[in-house]
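To keep things clear, I will list the structure first and then write my remarks on it.
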Number of protein chains: 2
Amino acid sequence: MSDTQRRRHTRYRQQVRELLSGSEEFLSAQTVHTMLRSQGLPIGLTTVYRNLQALTKDGTVDALRTSTGEQIFRHCSPVQHHHLMCRHCSRAVEVTGPALDQWATALAEVHGFTDINHSVEIFGTCGSCADTDHQI
Amino acid sequence: MSDTQRRRHTRYRQQVRELLSGSEEFLSAQTVHTMLRSQGLPIGLTTVYRNLQALTKDGTVDALRTSTGEQIFRHCSPVQHHHLMCRHCSRAVEVTGPALDQWATALAEVHGFTDINHSVEIFGTCGSCADTDHQI
DNA sequence: ATAGATGCAAACGATTTGCAGTCTG
DNA sequence: CAGACTGCAAATCGTTTGCATCTAT
């Protein structure tokens, strides 16, 4: 749960890393697996999971949880940004909040916390879905 | 997925609601189940899940996900507050951020979103865990 | 009566692990 | 060569569902 052991340089880990580097989206392990397979890479789902885990542990990628409990990953971005997503169509808008980030950091420090990391998820009904008169 | 159907007034749902009303903590379904059983209530785990789901749908309780993907519930509080938690010992501090809440609401509206709901989770290493020289 | 509520067992979906074979440093 | 890495199948774990049985209204 805490070892950042020596890693070998393998083709698959490299591919997983590259795929994430080339996307600004948060992707699920299953999606990463499907994408790599469709690129003709015969990688196994287990390997994808293990590599995403390793990359997360090494701080190469960030991991998050969707509201359904599914894990999603994205390459670490220098700028922290958050998400505004529609609970009906899952449309997502990336937003940043410098003030918010500072607040979170300061707040955590005041409470004696270090090595801070935070995430903000805003859920709502987007315009088109509201129009469609979706039942909640 | 969207029906707030007519609910009957039953002993079990009442107990689940009361248990949550009496706690400021976020509790998992399993915990709620265990607590009710230890009170001598012969309720089934399935029923706990179904009631927590119903209460969440009716807006009586709020549901969240832990970093392990587990769902946790708490009675809705009039004031929105967020969490600062230690990634090692899971110690949590409740914090409020009026400015943040306004920012989130305004931001969502600007993007045409309605029926907004947001959550902020801040993770870090708390003082005691940092002292203990925990391996990351 | 009649539709919602409940319990149990089986089903599920995402993630993890055991194990044997493979490959990197 | 030793220790990482990989794949497959089986195991977990939290949560959901099918179904027959109760029970509130």
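Each chain in the structure tokens gets a letter, A, B and so on, in the order shown; residues start at 1 in every chain, and ligands are counted from 1 in the order they appear.
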
- Give the residues of chain B that lie within 8 Å of chain A; count only C-alpha atoms, and format the answer as number ranges by chain. B: 2-3, 64-65, 67, 69-71, 84, 86, 100, 104, 108, 111-127, 130, 135-136

Original post:
So which residues touch DG4 in chain C within 10 Å, counting only C-alpha atoms (C1' of nucleotides), skipping near sequence neighbours fewer than 5 positions away, as a PyMOL selection string?
Top reply: (chain B and resi 5-9) or (chain D and resi 23-25)

Residue subset to file, keeping C-alpha atoms (C1' of nucleotides), as a CSV table (one decimal), in the first residue's frame:
chain,number,residue,atom,x,y,z
B,5,GLN,CA,-43.0,6.8,-5.7
B,6,ARG,CA,-45.5,6.6,-2.9
B,7,ARG,CA,-43.8,5.2,0.2
B,8,ARG,CA,-45.3,3.3,3.0
B,9,HIS,CA,-44.6,4.0,6.6
D,23,DT,C1',-48.1,-6.1,5.4
D,24,DA,C1',-49.5,-1.2,5.4
D,25,DT,C1',-53.2,1.3,3.5

task: Identify, with DSSP run on backbone atoms, the residues in chain B assigned to strand (DSSP E or B), and express the list as a PyMOL selection string.
output: chain B and resi 27-28+61-65+71-75+81-86+92-96+114-125

With chain B as the partner and 12 Å as the cut-off, tabulate the residues of chain C that qualify, each row holding the nearest pair of atoms and their distance in Å to one decimal, using only C-alpha atoms (C1' of nucleotides), sorted by chain and rising number, as a Markdown table.
| residue | atom | partner | partner_atom | distance |
| --- | --- | --- | --- | --- |
| C:DA3 | C1' | B:Arg6 | CA | 9.8 |
| C:DG4 | C1' | B:Arg8 | CA | 6.6 |
| C:DA5 | C1' | B:Thr10 | CA | 7.9 |
| C:DT6 | C1' | B:Thr47 | CA | 6.5 |
| C:DG7 | C1' | B:Gly44 | CA | 6.4 |
| C:DC8 | C1' | B:Gly44 | CA | 9.2 |
| C:DA9 | C1' | B:Thr46 | CA | 11.4 |
| C:DA14 | C1' | B:Gly69 | CA | 9.7 |
| C:DT15 | C1' | B:Thr68 | CA | 10.3 |

Using backbone DSSP assignments, extract all alpha helix (DSSP H) residues from range 14-136 of chain A; output them as a PyMOL selection string.
-> chain A and resi 14-21+29-38+45-57+98-110+127-131

Quick one: everything within 9 Å of DC12 in chain C, counting only C-alpha atoms (C1' of nucleotides), minus sequence neighbours fewer than 3 positions away in the same chain. Send it as a PDB file with all heavy atoms, in the first residue's frame.
ATOM      1  P    DT D  15     -21.647  -0.284  -0.768  1.00  0.00           P
ATOM      2  OP1  DT D  15     -21.579   1.161  -1.044  1.00  0.00           O
ATOM      3  OP2  DT D  15     -22.044  -0.772   0.564  1.00  0.00           O
ATOM      4  O5'  DT D  15     -22.598  -0.918  -1.880  1.00  0.00           O
ATOM      5  C5'  DT D  15     -22.256  -0.726  -3.239  1.00  0.00           C
ATOM      6  C4'  DT D  15     -23.215  -1.452  -4.149  1.00  0.00           C
ATOM      7  O4'  DT D  15     -23.033  -2.878  -4.060  1.00  0.00           O
ATOM      8  C3'  DT D  15     -24.705  -1.188  -3.874  1.00  0.00           C
ATOM      9  O3'  DT D  15     -25.304  -0.737  -5.078  1.00  0.00           O
ATOM     10  C2'  DT D  15     -25.243  -2.544  -3.471  1.00  0.00           C
ATOM     11  C1'  DT D  15     -24.295  -3.498  -4.169  1.00  0.00           C
ATOM     12  N1   DT D  15     -24.182  -4.858  -3.621  1.00  0.00           N
ATOM     13  C2   DT D  15     -24.429  -5.916  -4.469  1.00  0.00           C
ATOM     14  O2   DT D  15     -24.723  -5.784  -5.631  1.00  0.00           O
ATOM     15  N3   DT D  15     -24.311  -7.145  -3.890  1.00  0.00           N
ATOM     16  C4   DT D  15     -23.985  -7.434  -2.578  1.00  0.00           C
ATOM     17  O4   DT D  15     -23.925  -8.595  -2.185  1.00  0.00           O
ATOM     18  C5   DT D  15     -23.737  -6.275  -1.745  1.00  0.00           C
ATOM     19  C7   DT D  15     -23.383  -6.460  -0.310  1.00  0.00           C
ATOM     20  C6   DT D  15     -23.841  -5.053  -2.297  1.00  0.00           C
ATOM     21  P    DT D  16     -26.845  -0.365  -5.112  1.00  0.00           P
ATOM     22  OP1  DT D  16     -27.003   0.854  -5.915  1.00  0.00           O
ATOM     23  OP2  DT D  16     -27.396  -0.456  -3.753  1.00  0.00           O
ATOM     24  O5'  DT D  16     -27.409  -1.571  -5.981  1.00  0.00           O
ATOM     25  C5'  DT D  16     -26.742  -1.928  -7.172  1.00  0.00           C
ATOM     26  C4'  DT D  16     -27.443  -3.095  -7.835  1.00  0.00           C
ATOM     27  O4'  DT D  16     -27.190  -4.313  -7.112  1.00  0.00           O
ATOM     28  C3'  DT D  16     -28.973  -2.949  -7.929  1.00  0.00           C
ATOM     29  O3'  DT D  16     -29.355  -3.295  -9.258  1.00  0.00           O
ATOM     30  C2'  DT D  16     -29.489  -3.946  -6.910  1.00  0.00           C
ATOM     31  C1'  DT D  16     -28.402  -5.001  -6.903  1.00  0.00           C
ATOM     32  N1   DT D  16     -28.235  -5.752  -5.648  1.00  0.00           N
ATOM     33  C2   DT D  16     -28.232  -7.126  -5.726  1.00  0.00           C
ATOM     34  O2   DT D  16     -28.424  -7.743  -6.755  1.00  0.00           O
ATOM     35  N3   DT D  16     -27.981  -7.762  -4.539  1.00  0.00           N
ATOM     36  C4   DT D  16     -27.756  -7.192  -3.312  1.00  0.00           C
ATOM     37  O4   DT D  16     -27.521  -7.897  -2.340  1.00  0.00           O
ATOM     38  C5   DT D  16     -27.808  -5.748  -3.294  1.00  0.00           C
ATOM     39  C7   DT D  16     -27.599  -5.028  -2.003  1.00  0.00           C
ATOM     40  C6   DT D  16     -28.040  -5.106  -4.445  1.00  0.00           C
ATOM     41  P    DT D  17     -30.879  -3.160  -9.705  1.00  0.00           P
ATOM     42  OP1  DT D  17     -30.855  -2.552 -11.052  1.00  0.00           O
ATOM     43  OP2  DT D  17     -31.668  -2.533  -8.628  1.00  0.00           O
ATOM     44  O5'  DT D  17     -31.352  -4.682  -9.872  1.00  0.00           O
ATOM     45  C5'  DT D  17     -30.439  -5.648 -10.319  1.00  0.00           C
ATOM     46  C4'  DT D  17     -31.082  -7.023 -10.277  1.00  0.00           C
ATOM     47  O4'  DT D  17     -30.823  -7.660  -9.016  1.00  0.00           O
ATOM     48  C3'  DT D  17     -32.612  -7.033 -10.450  1.00  0.00           C
ATOM     49  O3'  DT D  17     -32.966  -8.139 -11.262  1.00  0.00           O
ATOM     50  C2'  DT D  17     -33.111  -7.196  -9.031  1.00  0.00           C
ATOM     51  C1'  DT D  17     -32.030  -8.083  -8.432  1.00  0.00           C
ATOM     52  N1   DT D  17     -31.844  -7.990  -6.977  1.00  0.00           N
ATOM     53  C2   DT D  17     -31.610  -9.167  -6.298  1.00  0.00           C
ATOM     54  O2   DT D  17     -31.607 -10.258  -6.821  1.00  0.00           O
ATOM     55  N3   DT D  17     -31.353  -9.016  -4.965  1.00  0.00           N
ATOM     56  C4   DT D  17     -31.329  -7.840  -4.256  1.00  0.00           C
ATOM     57  O4   DT D  17     -31.058  -7.845  -3.061  1.00  0.00           O
ATOM     58  C5   DT D  17     -31.629  -6.650  -5.024  1.00  0.00           C
ATOM     59  C7   DT D  17     -31.660  -5.311  -4.336  1.00  0.00           C
ATOM     60  C6   DT D  17     -31.863  -6.780  -6.335  1.00  0.00           C
TER      61       DT D  17
END

task: Identify every residue of chain D that has at least one atom within 7 Å of any atom of chain A, counting only C-alpha atoms (C1' of nucleotides), and report the result as a PyMOL selection string.
output: chain D and resi 4+6-7
